[in-house]
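Listing of start_14.cif, mmCIF, C-alpha atoms
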```cif
data_coords
loop_
_atom_site.group_PDB
_atom_site.id
_atom_site.type_symbol
_atom_site.label_atom_id
_atom_site.label_comp_id
_atom_site.auth_asym_id
_atom_site.auth_seq_id
_atom_site.Cartn_x
_atom_site.Cartn_y
_atom_site.Cartn_z
ATOM 1 C CA MET W 1 77.973 118.956 110.994
ATOM 2 C CA LYS W 2 76.006 121.870 109.585
ATOM 3 C CA ILE W 3 72.976 123.044 111.525
ATOM 4 C CA LEU W 4 70.484 125.678 110.387
ATOM 5 C CA ILE W 5 69.332 128.130 113.085
ATOM 6 C CA PRO W 6 66.301 130.412 112.506
ATOM 7 C CA ASN W 7 66.686 134.180 112.739
ATOM 8 C CA THR W 8 63.633 134.267 115.032
ATOM 9 C CA ILE W 9 65.620 133.317 118.138
ATOM 10 C CA GLU W 10 69.136 133.666 119.539
ATOM 11 C CA LEU W 11 70.718 130.276 120.234
ATOM 12 C CA PRO W 12 74.173 130.584 121.839
ATOM 13 C CA LEU W 13 75.252 126.997 121.147
ATOM 14 C CA THR W 14 78.363 125.450 122.674
ATOM 15 C CA ALA W 15 78.474 122.438 120.346
ATOM 16 C CA ASP W 16 81.284 122.274 117.790
ATOM 17 C CA VAL W 17 79.157 122.567 114.659
ATOM 18 C CA ASP W 18 78.833 124.789 111.609
ATOM 19 C CA ALA W 19 75.857 126.860 112.757
ATOM 20 C CA VAL W 20 74.212 128.900 109.988
ATOM 21 C CA VAL W 21 71.477 131.443 110.719
ATOM 22 C CA TYR W 22 68.732 131.442 108.102
ATOM 23 C CA ASP W 23 65.842 133.795 107.334
ATOM 24 C CA THR W 24 62.465 132.173 108.030
ATOM 25 C CA ALA W 25 60.896 134.457 105.420
ATOM 26 C CA ALA W 26 63.229 133.351 102.601
ATOM 27 C CA ASP W 27 64.216 130.147 100.842
ATOM 28 C CA ILE W 28 67.212 128.269 102.226
ATOM 29 C CA PRO W 29 70.258 129.320 100.168
ATOM 30 C CA ASP W 30 71.576 126.605 97.846
ATOM 31 C CA GLU W 31 74.960 126.495 99.594
ATOM 32 C CA HIS W 32 73.292 125.531 102.893
ATOM 33 C CA ARG W 33 70.966 122.816 101.646
ATOM 34 C CA ASP W 34 73.519 120.218 102.741
ATOM 35 C CA ALA W 35 72.589 120.791 106.401
ATOM 36 C CA GLU W 36 72.069 117.712 108.551
ATOM 37 C CA MET W 37 70.020 119.415 111.274
ATOM 38 C CA LEU W 38 67.297 122.056 111.093
ATOM 39 C CA VAL W 39 65.987 124.076 114.044
ATOM 40 C CA VAL W 40 62.563 125.671 113.554
ATOM 41 C CA TRP W 41 60.815 128.435 115.474
ATOM 42 C CA GLY W 42 58.125 130.629 113.966
ATOM 43 C CA ASN W 43 58.362 129.000 110.524
ATOM 44 C CA SER W 44 55.255 128.989 108.358
ATOM 45 C CA ALA W 45 53.664 125.761 107.155
ATOM 46 C CA SER W 46 54.580 126.575 103.550
ATOM 47 C CA TRP W 47 58.213 127.259 104.521
ATOM 48 C CA LEU W 48 58.421 123.892 106.290
ATOM 49 C CA GLN W 49 56.944 122.121 103.273
ATOM 50 C CA ASN W 50 59.558 123.727 101.033
ATOM 51 C CA ALA W 51 62.327 122.786 103.467
ATOM 52 C CA ALA W 52 61.141 119.176 103.510
ATOM 53 C CA GLY W 53 61.774 118.978 99.781
ATOM 54 C CA SER W 54 65.042 120.924 99.654
ATOM 55 C CA LEU W 55 67.192 119.428 102.446
ATOM 56 C CA PRO W 56 68.271 115.997 101.152
ATOM 57 C CA ARG W 57 70.842 115.401 103.916
ATOM 58 C CA VAL W 58 68.779 116.501 106.908
ATOM 59 C CA ARG W 59 68.714 113.912 109.703
ATOM 60 C CA LEU W 60 66.995 115.840 112.492
ATOM 61 C CA VAL W 61 64.413 118.615 112.645
ATOM 62 C CA GLN W 62 64.294 120.190 116.103
ATOM 63 C CA ALA W 63 61.122 122.153 116.780
ATOM 64 C CA LEU W 64 61.235 124.659 119.619
ATOM 65 C CA ALA W 65 57.452 124.728 119.982
ATOM 66 C CA SER W 66 56.032 122.414 122.626
ATOM 67 C CA GLY W 67 54.085 120.619 119.899
ATOM 68 C CA ALA W 68 55.754 119.517 116.654
ATOM 69 C CA ASP W 69 52.533 119.072 114.667
ATOM 70 C CA ALA W 70 53.511 121.622 112.003
ATOM 71 C CA VAL W 71 56.786 119.802 111.353
ATOM 72 C CA LEU W 72 55.117 116.394 111.385
ATOM 73 C CA ASN W 73 52.700 117.601 108.699
ATOM 74 C CA ALA W 74 55.389 119.194 106.497
ATOM 75 C CA GLY W 75 56.346 116.061 104.554
ATOM 76 C CA PHE W 76 59.884 115.324 105.716
ATOM 77 C CA ALA W 77 61.204 111.885 104.709
ATOM 78 C CA PRO W 78 60.089 109.029 106.995
ATOM 79 C CA GLU W 79 63.610 108.459 108.310
ATOM 80 C CA VAL W 80 64.122 112.085 109.392
ATOM 81 C CA ARG W 81 63.961 112.325 113.146
ATOM 82 C CA ILE W 82 61.705 115.042 114.563
ATOM 83 C CA CYS W 83 61.919 116.384 118.104
ATOM 84 C CA SER W 84 59.620 118.785 119.919
ATOM 85 C CA GLY W 85 60.388 121.611 122.325
ATOM 86 C CA ARG W 86 58.519 119.915 125.152
ATOM 87 C CA SER W 87 59.412 121.492 128.544
ATOM 88 C CA LEU W 88 60.801 124.698 126.995
ATOM 89 C CA HIS W 89 57.464 126.452 127.510
ATOM 90 C CA ASP W 90 56.367 124.993 130.847
ATOM 91 C CA GLY W 91 56.928 128.165 132.852
ATOM 92 C CA PRO W 92 55.699 130.767 130.340
ATOM 93 C CA VAL W 93 52.582 128.814 129.323
ATOM 94 C CA ALA W 94 51.721 127.983 132.929
ATOM 95 C CA GLU W 95 52.013 131.697 133.798
ATOM 96 C CA HIS W 96 49.776 132.749 130.919
ATOM 97 C CA ALA W 97 47.288 129.976 131.638
ATOM 98 C CA LEU W 98 47.079 131.106 135.253
ATOM 99 C CA ALA W 99 46.547 134.702 134.116
ATOM 100 C CA LEU W 100 43.729 133.652 131.765
ATOM 101 C CA ILE W 101 42.099 131.424 134.377
ATOM 102 C CA LEU W 102 42.116 134.173 137.002
ATOM 103 C CA SER W 103 40.948 136.756 134.460
ATOM 104 C CA ALA W 104 38.022 134.563 133.414
ATOM 105 C CA VAL W 105 37.057 133.518 136.949
ATOM 106 C CA ARG W 106 37.357 137.055 138.335
ATOM 107 C CA ARG W 107 35.827 138.455 135.105
ATOM 108 C CA ILE W 108 38.569 140.973 134.448
ATOM 109 C CA ASP W 109 37.249 141.271 130.885
ATOM 110 C CA ARG W 110 33.921 142.588 132.175
ATOM 111 C CA LEU W 111 35.611 144.980 134.578
ATOM 112 C CA ARG W 112 37.917 146.246 131.823
ATOM 113 C CA ASP W 113 34.870 146.937 129.641
ATOM 114 C CA ALA W 114 33.325 148.899 132.489
ATOM 115 C CA GLN W 115 36.534 150.898 132.835
ATOM 116 C CA HIS W 116 36.434 151.811 129.145
ATOM 117 C CA GLU W 117 32.832 152.933 129.629
ATOM 118 C CA HIS W 118 33.790 155.009 132.711
ATOM 119 C CA ARG W 119 31.276 152.924 134.653
ATOM 120 C CA TRP W 120 31.563 151.652 138.234
ATOM 121 C CA ASP W 121 30.169 148.101 137.964
ATOM 122 C CA ASP W 122 28.056 147.877 141.134
ATOM 123 C CA ALA W 123 26.146 144.890 139.725
ATOM 124 C CA PHE W 124 29.365 142.885 139.539
ATOM 125 C CA ASN W 125 30.228 143.827 143.094
ATOM 126 C CA GLN W 126 26.873 142.484 144.264
ATOM 127 C CA GLU W 127 27.245 139.249 142.270
ATOM 128 C CA GLN W 128 30.694 138.632 143.664
ATOM 129 C CA ALA W 129 29.464 139.085 147.233
ATOM 130 C CA ALA W 130 26.124 137.235 146.952
ATOM 131 C CA SER W 131 26.016 133.807 148.563
ATOM 132 C CA ALA W 132 24.454 132.210 145.469
ATOM 133 C CA THR W 133 27.194 133.380 143.069
ATOM 134 C CA ARG W 134 30.166 133.978 145.347
ATOM 135 C CA ALA W 135 31.817 130.654 144.448
ATOM 136 C CA HIS W 136 31.919 131.611 140.758
ATOM 137 C CA HIS W 137 34.447 134.353 141.426
ATOM 138 C CA THR W 138 37.225 132.452 143.187
ATOM 139 C CA LEU W 139 39.525 129.498 142.661
ATOM 140 C CA ASP W 140 39.339 128.657 146.346
ATOM 141 C CA GLY W 141 37.335 125.432 146.405
ATOM 142 C CA ALA W 142 36.835 125.379 142.616
ATOM 143 C CA ARG W 143 37.184 122.095 140.772
ATOM 144 C CA VAL W 144 39.691 122.612 137.959
ATOM 145 C CA THR W 145 40.211 119.982 135.276
ATOM 146 C CA ILE W 146 43.275 120.135 133.029
ATOM 147 C CA TRP W 147 42.860 118.157 129.795
ATOM 148 C CA GLY W 148 46.281 117.267 128.427
ATOM 149 C CA PHE W 149 48.296 116.599 131.565
ATOM 150 C CA GLY W 150 51.933 116.839 130.488
ATOM 151 C CA SER W 151 54.852 118.924 131.671
ATOM 152 C CA ILE W 152 53.005 122.260 131.359
ATOM 153 C CA ALA W 153 50.127 120.950 133.452
ATOM 154 C CA SER W 154 52.604 119.650 136.011
ATOM 155 C CA THR W 155 53.857 123.233 136.393
ATOM 156 C CA LEU W 156 50.391 124.828 136.371
ATOM 157 C CA ALA W 157 48.566 122.449 138.723
ATOM 158 C CA PRO W 158 50.527 123.316 141.906
ATOM 159 C CA LEU W 159 49.943 127.039 141.257
ATOM 160 C CA LEU W 160 46.189 126.442 141.091
ATOM 161 C CA ALA W 161 46.274 124.202 144.157
ATOM 162 C CA ALA W 162 48.122 126.916 146.102
ATOM 163 C CA LEU W 163 45.095 129.152 145.494
ATOM 164 C CA GLY W 164 42.758 126.523 146.919
ATOM 165 C CA ALA W 165 41.610 124.798 143.709
ATOM 166 C CA GLN W 166 40.893 121.076 143.585
ATOM 167 C CA VAL W 167 42.902 120.047 140.531
ATOM 168 C CA GLU W 168 42.538 116.861 138.506
ATOM 169 C CA GLY W 169 43.583 115.957 134.994
ATOM 170 C CA ILE W 170 42.575 114.061 131.888
ATOM 171 C CA ALA W 171 45.051 112.277 129.633
ATOM 172 C CA ARG W 172 45.256 109.203 127.424
ATOM 173 C CA THR W 173 46.084 107.035 130.420
ATOM 174 C CA ALA W 174 45.069 107.312 134.059
ATOM 175 C CA GLY W 175 47.438 107.607 137.020
ATOM 176 C CA ARG W 176 49.027 110.160 139.308
ATOM 177 C CA ARG W 177 51.218 112.845 137.771
ATOM 178 C CA ALA W 178 53.079 115.497 139.740
ATOM 179 C CA GLY W 179 50.976 114.459 142.732
ATOM 180 C CA PHE W 180 47.601 114.969 141.009
ATOM 181 C CA GLU W 181 44.954 112.449 139.997
ATOM 182 C CA VAL W 182 44.710 112.048 136.227
ATOM 183 C CA HIS W 183 41.799 110.250 134.564
ATOM 184 C CA ALA W 184 41.716 108.506 131.200
ATOM 185 C CA ASP W 185 39.996 110.183 128.247
ATOM 186 C CA ALA W 186 37.262 107.552 128.334
ATOM 187 C CA ASP W 187 36.278 108.601 131.859
ATOM 188 C CA ALA W 188 36.084 112.327 131.117
ATOM 189 C CA ALA W 189 32.302 112.769 131.210
ATOM 190 C CA ALA W 190 31.817 112.148 134.938
ATOM 191 C CA LEU W 191 34.662 114.507 135.803
ATOM 192 C CA LEU W 192 33.441 117.272 133.481
ATOM 193 C CA ALA W 193 29.992 117.233 135.050
ATOM 194 C CA GLU W 194 31.592 118.457 138.311
ATOM 195 C CA THR W 195 34.114 120.842 136.714
ATOM 196 C CA ASP W 196 34.082 124.577 137.427
ATOM 197 C CA VAL W 197 37.082 125.429 135.223
ATOM 198 C CA LEU W 198 38.190 123.350 132.235
ATOM 199 C CA VAL W 199 41.701 124.040 130.929
ATOM 200 C CA SER W 200 42.932 122.585 127.638
ATOM 201 C CA ILE W 201 46.637 122.077 126.973
ATOM 202 C CA LEU W 202 46.032 119.535 124.204
ATOM 203 C CA PRO W 203 48.082 119.338 121.001
ATOM 204 C CA ALA W 204 46.552 119.330 117.539
ATOM 205 C CA THR W 205 46.183 115.741 116.333
ATOM 206 C CA ASP W 206 43.590 113.765 114.397
ATOM 207 C CA ALA W 207 42.250 112.506 117.729
ATOM 208 C CA THR W 208 41.844 115.996 119.244
ATOM 209 C CA ALA W 209 40.353 117.816 116.229
ATOM 210 C CA ASP W 210 37.161 119.615 117.371
ATOM 211 C CA LEU W 211 37.251 117.613 120.609
ATOM 212 C CA PHE W 212 35.714 120.514 122.508
ATOM 213 C CA ASP W 213 32.333 120.513 120.814
ATOM 214 C CA ALA W 214 28.720 121.043 121.809
ATOM 215 C CA GLU W 215 28.634 117.667 123.567
ATOM 216 C CA ILE W 216 31.683 118.401 125.712
ATOM 217 C CA PHE W 217 30.538 121.920 126.577
ATOM 218 C CA GLY W 218 27.088 120.529 127.374
ATOM 219 C CA THR W 219 28.605 117.938 129.715
ATOM 220 C CA LEU W 220 30.283 120.609 131.823
ATOM 221 C CA LYS W 221 28.597 121.987 134.912
ATOM 222 C CA ARG W 222 26.431 124.900 133.776
ATOM 223 C CA GLY W 223 28.262 128.169 134.321
ATOM 224 C CA ALA W 224 31.730 126.627 133.990
ATOM 225 C CA VAL W 225 34.742 128.477 132.591
ATOM 226 C CA PHE W 226 36.770 127.225 129.606
ATOM 227 C CA VAL W 227 40.419 128.145 128.984
ATOM 228 C CA ASN W 228 42.518 127.029 126.007
ATOM 229 C CA VAL W 229 46.303 127.383 125.858
ATOM 230 C CA GLY W 230 46.762 124.289 123.695
ATOM 231 C CA ARG W 231 45.806 124.456 120.028
ATOM 232 C CA GLY W 232 42.877 126.128 118.259
ATOM 233 C CA ALA W 233 42.209 123.034 116.146
ATOM 234 C CA THR W 234 40.912 121.239 119.250
ATOM 235 C CA VAL W 235 37.878 123.534 119.560
ATOM 236 C CA ASP W 236 34.637 123.658 117.584
ATOM 237 C CA GLU W 237 34.487 127.449 117.663
ATOM 238 C CA THR W 238 30.832 127.597 116.634
ATOM 239 C CA ALA W 239 29.988 125.390 119.613
ATOM 240 C CA LEU W 240 32.140 127.557 121.884
ATOM 241 C CA ILE W 241 30.296 130.723 120.850
ATOM 242 C CA ALA W 242 26.923 128.992 121.287
ATOM 243 C CA ALA W 243 27.885 127.805 124.788
ATOM 244 C CA LEU W 244 28.856 131.364 125.737
ATOM 245 C CA GLU W 245 25.669 132.837 124.273
ATOM 246 C CA SER W 246 23.459 130.319 126.089
ATOM 247 C CA GLY W 247 25.202 130.743 129.434
ATOM 248 C CA GLN W 248 26.308 127.107 129.520
ATOM 249 C CA LEU W 249 29.766 128.642 129.768
ATOM 250 C CA ARG W 250 29.938 131.641 132.102
ATOM 251 C CA ALA W 251 33.159 132.818 130.503
ATOM 252 C CA ALA W 252 36.053 131.609 128.370
ATOM 253 C CA ALA W 253 39.624 132.686 127.696
ATOM 254 C CA ILE W 254 41.599 131.435 124.699
ATOM 255 C CA ASP W 255 45.137 132.064 123.513
ATOM 256 C CA VAL W 256 44.724 130.097 120.282
ATOM 257 C CA ALA W 257 42.292 129.915 117.366
ATOM 258 C CA LYS W 258 41.862 127.839 114.237
ATOM 259 C CA ALA W 259 42.758 130.797 112.012
ATOM 260 C CA GLU W 260 45.844 132.690 113.154
ATOM 261 C CA PRO W 261 46.058 135.637 112.850
ATOM 262 C CA LEU W 262 42.330 135.745 113.532
ATOM 263 C CA PRO W 263 40.537 137.611 110.710
ATOM 264 C CA ALA W 264 38.825 140.849 111.724
ATOM 265 C CA SER W 265 35.504 139.390 110.540
ATOM 266 C CA ASP W 266 35.713 136.273 112.684
ATOM 267 C CA PRO W 267 32.712 135.901 115.056
ATOM 268 C CA LEU W 268 35.017 135.044 117.960
ATOM 269 C CA TRP W 269 35.828 138.742 118.302
ATOM 270 C CA GLU W 270 32.196 139.476 119.204
ATOM 271 C CA ALA W 271 31.513 136.405 121.333
ATOM 272 C CA PRO W 272 30.118 137.369 124.750
ATOM 273 C CA ASN W 273 32.208 136.874 127.866
ATOM 274 C CA LEU W 274 35.276 135.791 125.893
ATOM 275 C CA LEU W 275 38.842 136.938 126.548
ATOM 276 C CA LEU W 276 41.146 136.381 123.590
ATOM 277 C CA THR W 277 44.948 136.734 123.423
ATOM 278 C CA PRO W 278 47.029 136.344 120.221
ATOM 279 C CA HIS W 279 48.900 133.063 120.815
ATOM 280 C CA VAL W 280 51.446 134.571 123.183
ATOM 281 C CA ALA W 281 51.429 132.047 126.032
ATOM 282 C CA GLY W 282 54.530 130.144 124.958
ATOM 283 C CA ASN W 283 56.408 132.753 122.970
ATOM 284 C CA ARG W 284 59.603 132.430 125.045
ATOM 285 C CA PRO W 285 61.281 128.989 124.845
ATOM 286 C CA VAL W 286 63.370 128.709 127.995
ATOM 287 C CA GLY W 287 66.517 126.573 127.746
ATOM 288 C CA ALA W 288 66.311 126.125 123.960
ATOM 289 C CA ALA W 289 70.095 126.283 123.435
ATOM 290 C CA ASP W 290 70.677 123.571 126.034
ATOM 291 C CA LEU W 291 68.123 121.303 124.355
ATOM 292 C CA VAL W 292 69.649 121.828 120.906
ATOM 293 C CA ASP W 293 73.180 121.247 122.254
ATOM 294 C CA GLU W 294 72.012 118.054 123.936
ATOM 295 C CA ASN W 295 70.397 116.680 120.797
ATOM 296 C CA ILE W 296 73.399 117.599 118.648
ATOM 297 C CA ALA W 297 75.606 115.524 120.955
ATOM 298 C CA ARG W 298 73.129 112.640 120.968
ATOM 299 C CA LEU W 299 72.735 112.719 117.176
ATOM 300 C CA GLN W 300 76.491 112.622 116.672
ATOM 301 C CA ALA W 301 76.819 109.759 119.155
ATOM 302 C CA GLY W 302 73.921 107.797 117.698
ATOM 303 C CA ASP W 303 72.031 107.953 120.992
ATOM 304 C CA GLU W 304 68.318 108.330 121.681
ATOM 305 C CA LEU W 305 67.193 111.938 121.243
ATOM 306 C CA VAL W 306 65.383 114.152 123.758
ATOM 307 C CA ASN W 307 61.694 114.762 122.956
ATOM 308 C CA GLN W 308 61.758 112.627 119.821
ATOM 309 C CA VAL W 309 58.242 112.333 118.384
ATOM 310 C CA HIS W 310 59.098 110.755 115.008
ATOM 311 C CA PRO W 311 59.830 108.166 113.810
#
```
Would you mind giving the structure from this file in structure tokens?
Amino acid sequence: MKILIPNTIELPLTADVDAVVYDTAADIPDEHRDAEMLVVWGNSASWLQNAAGSLPRVRLVQALASGADAVLNAGFAPEVRICSGRSLHDGPVAEHALALILSAVRRIDRLRDAQHEHRWDDAFNQEQAASATRAHHTLDGARVTIWGFGSIASTLAPLLAALGAQVEGIARTAGRRAGFEVHADADAAALLAETDVLVSILPATDATADLFDAEIFGTLKRGAVFVNVGRGATVDETALIAALESGQLRAAAIDVAKAEPLPASDPLWEAPNLLLTPHVAGNRPVGAADLVDENIARLQAGDELVNQVHP
């Protein structure tokens, strides 16, 4: 079986296959368009669309990103199986999410600005120590809500709890996951009204498009913090900026945006109290070769695949 491996990652496979490394910036060579499996990592939307029309024998597309939305939207034939890289990014994304949460809560962005200005921020010191605002600057006792409670959240939640946060989640269905209470989407409003830190790890779907809008930000406790390590398409960015400007949100930290790379003219760059990183949270899929090896074996055996999201 021929499998196409992107040149954006090293995959030391052990499976007995014809593994061909391809250039994600070039068309697939004619002699390799008979591949039955395609691995994607860092491929553009236009490249995926071209691949969907030029690989007539492909049976499986294995995405290494935690969400396979780009592959799902590329136009592969209905019978082509598509798998995500769910779990490959649990550790790296949880680490980055924790860094963003702490940076926003402790206002590292403000302190960094003061450093650049050669200014000792005495006002911040007083705010952090004052009884009325002291709770804003710590996770100890803070109510943290994670919207999109999957495997990444299951890794992140215990880290937050270890720092004293009261962690709950929101997902499509209610229940307990990884020892934490998770509420259904329909019950989000009551939980948000008591939330100090809202963390999104949601994928980009029709149901989540612009989910975080003026209504959601307005439902949050005034002065809450918003962190997004999911997808930029889930956020109404105009509403986010307005919530920051009004003080409804005390601070925000995002690793994703609707337009990536973010244009230099985008108003997000100038939004107050916003920390922005360039989609680097999950840039290191851990265990990718093992996942690909596993799905090669399952595909050859006709078994159910790991992380299959289509059909």
task = Return as an MDAnalysis selection string the set of residues that the PyMOL selection byres ((chain W and resi 43) around 10) yields on the displayed structure.
result = chainID W and resid 6 8 23:25 39:42 44:48 63 70:71
### Task
Extract, using only C-alpha atoms, all DNA, RNA and protein residues at most 12 Å from Asp30 (chain W), discarding same-chain residues fewer than 4 positions from it, and format them as a PyMOL selection string.
chain W and resi 22+26+34-35+51+54-56
I'd like the residues picked by the PyMOL selection byres ((chain W and resi 283) around 9) written out as a VMD selection string, using the chain letters and numbers from the file. chain W and resid 65 89 92 to 93 279 to 282 284 to 285
note - CA of Leu211 (chain W) and CA of Gln166 (chain W) are separated by 23.5 Å
Quick one: residues within 12 Å of Ile146 (chain W), all atoms listed in the file, excluding same-chain residues fewer than 3 positions away - as a PDB file with C-alpha atoms, in the frame of the given file?
```pdb
ATOM      1  CA  ALA W  94      51.721 127.983 132.929  1.00  0.00           C
ATOM      2  CA  ALA W  97      47.288 129.976 131.638  1.00  0.00           C
ATOM      3  CA  LEU W  98      47.079 131.106 135.253  1.00  0.00           C
ATOM      4  CA  ILE W 101      42.099 131.424 134.377  1.00  0.00           C
ATOM      5  CA  ARG W 143      37.184 122.095 140.772  1.00  0.00           C
ATOM      6  CA  PHE W 149      48.296 116.599 131.565  1.00  0.00           C
ATOM      7  CA  GLY W 150      51.933 116.839 130.488  1.00  0.00           C
ATOM      8  CA  SER W 151      54.852 118.924 131.671  1.00  0.00           C
ATOM      9  CA  ILE W 152      53.005 122.260 131.359  1.00  0.00           C
ATOM     10  CA  ALA W 153      50.127 120.950 133.452  1.00  0.00           C
ATOM     11  CA  SER W 154      52.604 119.650 136.011  1.00  0.00           C
ATOM     12  CA  THR W 155      53.857 123.233 136.393  1.00  0.00           C
ATOM     13  CA  LEU W 156      50.391 124.828 136.371  1.00  0.00           C
ATOM     14  CA  ALA W 157      48.566 122.449 138.723  1.00  0.00           C
ATOM     15  CA  PRO W 158      50.527 123.316 141.906  1.00  0.00           C
ATOM     16  CA  LEU W 160      46.189 126.442 141.091  1.00  0.00           C
ATOM     17  CA  ALA W 165      41.610 124.798 143.709  1.00  0.00           C
ATOM     18  CA  GLN W 166      40.893 121.076 143.585  1.00  0.00           C
ATOM     19  CA  VAL W 167      42.902 120.047 140.531  1.00  0.00           C
ATOM     20  CA  GLU W 168      42.538 116.861 138.506  1.00  0.00           C
ATOM     21  CA  GLY W 169      43.583 115.957 134.994  1.00  0.00           C
ATOM     22  CA  ILE W 170      42.575 114.061 131.888  1.00  0.00           C
ATOM     23  CA  ALA W 171      45.051 112.277 129.633  1.00  0.00           C
ATOM     24  CA  ARG W 177      51.218 112.845 137.771  1.00  0.00           C
ATOM     25  CA  PHE W 180      47.601 114.969 141.009  1.00  0.00           C
ATOM     26  CA  GLU W 181      44.954 112.449 139.997  1.00  0.00           C
ATOM     27  CA  VAL W 182      44.710 112.048 136.227  1.00  0.00           C
ATOM     28  CA  HIS W 183      41.799 110.250 134.564  1.00  0.00           C
ATOM     29  CA  ALA W 184      41.716 108.506 131.200  1.00  0.00           C
ATOM     30  CA  ASP W 185      39.996 110.183 128.247  1.00  0.00           C
ATOM     31  CA  ALA W 188      36.084 112.327 131.117  1.00  0.00           C
ATOM     32  CA  LEU W 191      34.662 114.507 135.803  1.00  0.00           C
ATOM     33  CA  LEU W 192      33.441 117.272 133.481  1.00  0.00           C
ATOM     34  CA  THR W 195      34.114 120.842 136.714  1.00  0.00           C
ATOM     35  CA  ASP W 196      34.082 124.577 137.427  1.00  0.00           C
ATOM     36  CA  VAL W 197      37.082 125.429 135.223  1.00  0.00           C
ATOM     37  CA  LEU W 198      38.190 123.350 132.235  1.00  0.00           C
ATOM     38  CA  VAL W 199      41.701 124.040 130.929  1.00  0.00           C
ATOM     39  CA  SER W 200      42.932 122.585 127.638  1.00  0.00           C
ATOM     40  CA  ILE W 201      46.637 122.077 126.973  1.00  0.00           C
ATOM     41  CA  LEU W 202      46.032 119.535 124.204  1.00  0.00           C
ATOM     42  CA  VAL W 225      34.742 128.477 132.591  1.00  0.00           C
ATOM     43  CA  PHE W 226      36.770 127.225 129.606  1.00  0.00           C
ATOM     44  CA  VAL W 227      40.419 128.145 128.984  1.00  0.00           C
ATOM     45  CA  ASN W 228      42.518 127.029 126.007  1.00  0.00           C
ATOM     46  CA  VAL W 229      46.303 127.383 125.858  1.00  0.00           C
ATOM     47  CA  GLY W 230      46.762 124.289 123.695  1.00  0.00           C
TER      48      GLY W 230
END
```
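For the atom pair formed by CA of Ala132 (chain W) and CA of Glu194 (chain W), the distance is 17.1 Å, given to one decimal.
Around Ala68 (chain W), within 10 Å and counting all atoms listed in the file, the residues found are Val40, Val61, Gln62, Ile82, Cys83, Ser84, Gly85, Arg86, Pro203, Ala204, Asn307, Gln308, Val309 and His310 of chain W, once anything fewer than 6 positions away on its own chain is removed.
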Apply the PyMOL selection byres ((chain W and resi 11-20) around 8) to the file shown and report the selected residues as a tab-separated table (two decimals) with C-alpha atoms, in the coordinates of the input.
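So the final result, stored in selection.tsv, reads:
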```
chain	number	residue	atom	x	y	z
W	1	MET	CA	77.97	118.96	110.99
W	2	LYS	CA	76.01	121.87	109.58
W	3	ILE	CA	72.98	123.04	111.52
W	4	LEU	CA	70.48	125.68	110.39
W	5	ILE	CA	69.33	128.13	113.08
W	9	ILE	CA	65.62	133.32	118.14
W	10	GLU	CA	69.14	133.67	119.54
W	21	VAL	CA	71.48	131.44	110.72
W	22	TYR	CA	68.73	131.44	108.10
W	32	HIS	CA	73.29	125.53	102.89
W	288	ALA	CA	66.31	126.12	123.96
W	289	ALA	CA	70.10	126.28	123.44
W	290	ASP	CA	70.68	123.57	126.03
W	292	VAL	CA	69.65	121.83	120.91
W	293	ASP	CA	73.18	121.25	122.25
W	296	ILE	CA	73.40	117.60	118.65
W	297	ALA	CA	75.61	115.52	120.96
```
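Using all atoms listed in the file, the protein and nucleic acid residues lying no more than 6 Å from Leu274 (chain W), apart from those fewer than 2 places from it along its own chain, are Ala251, Ala252, Ala253, Ala271 and Pro272 of chain W.
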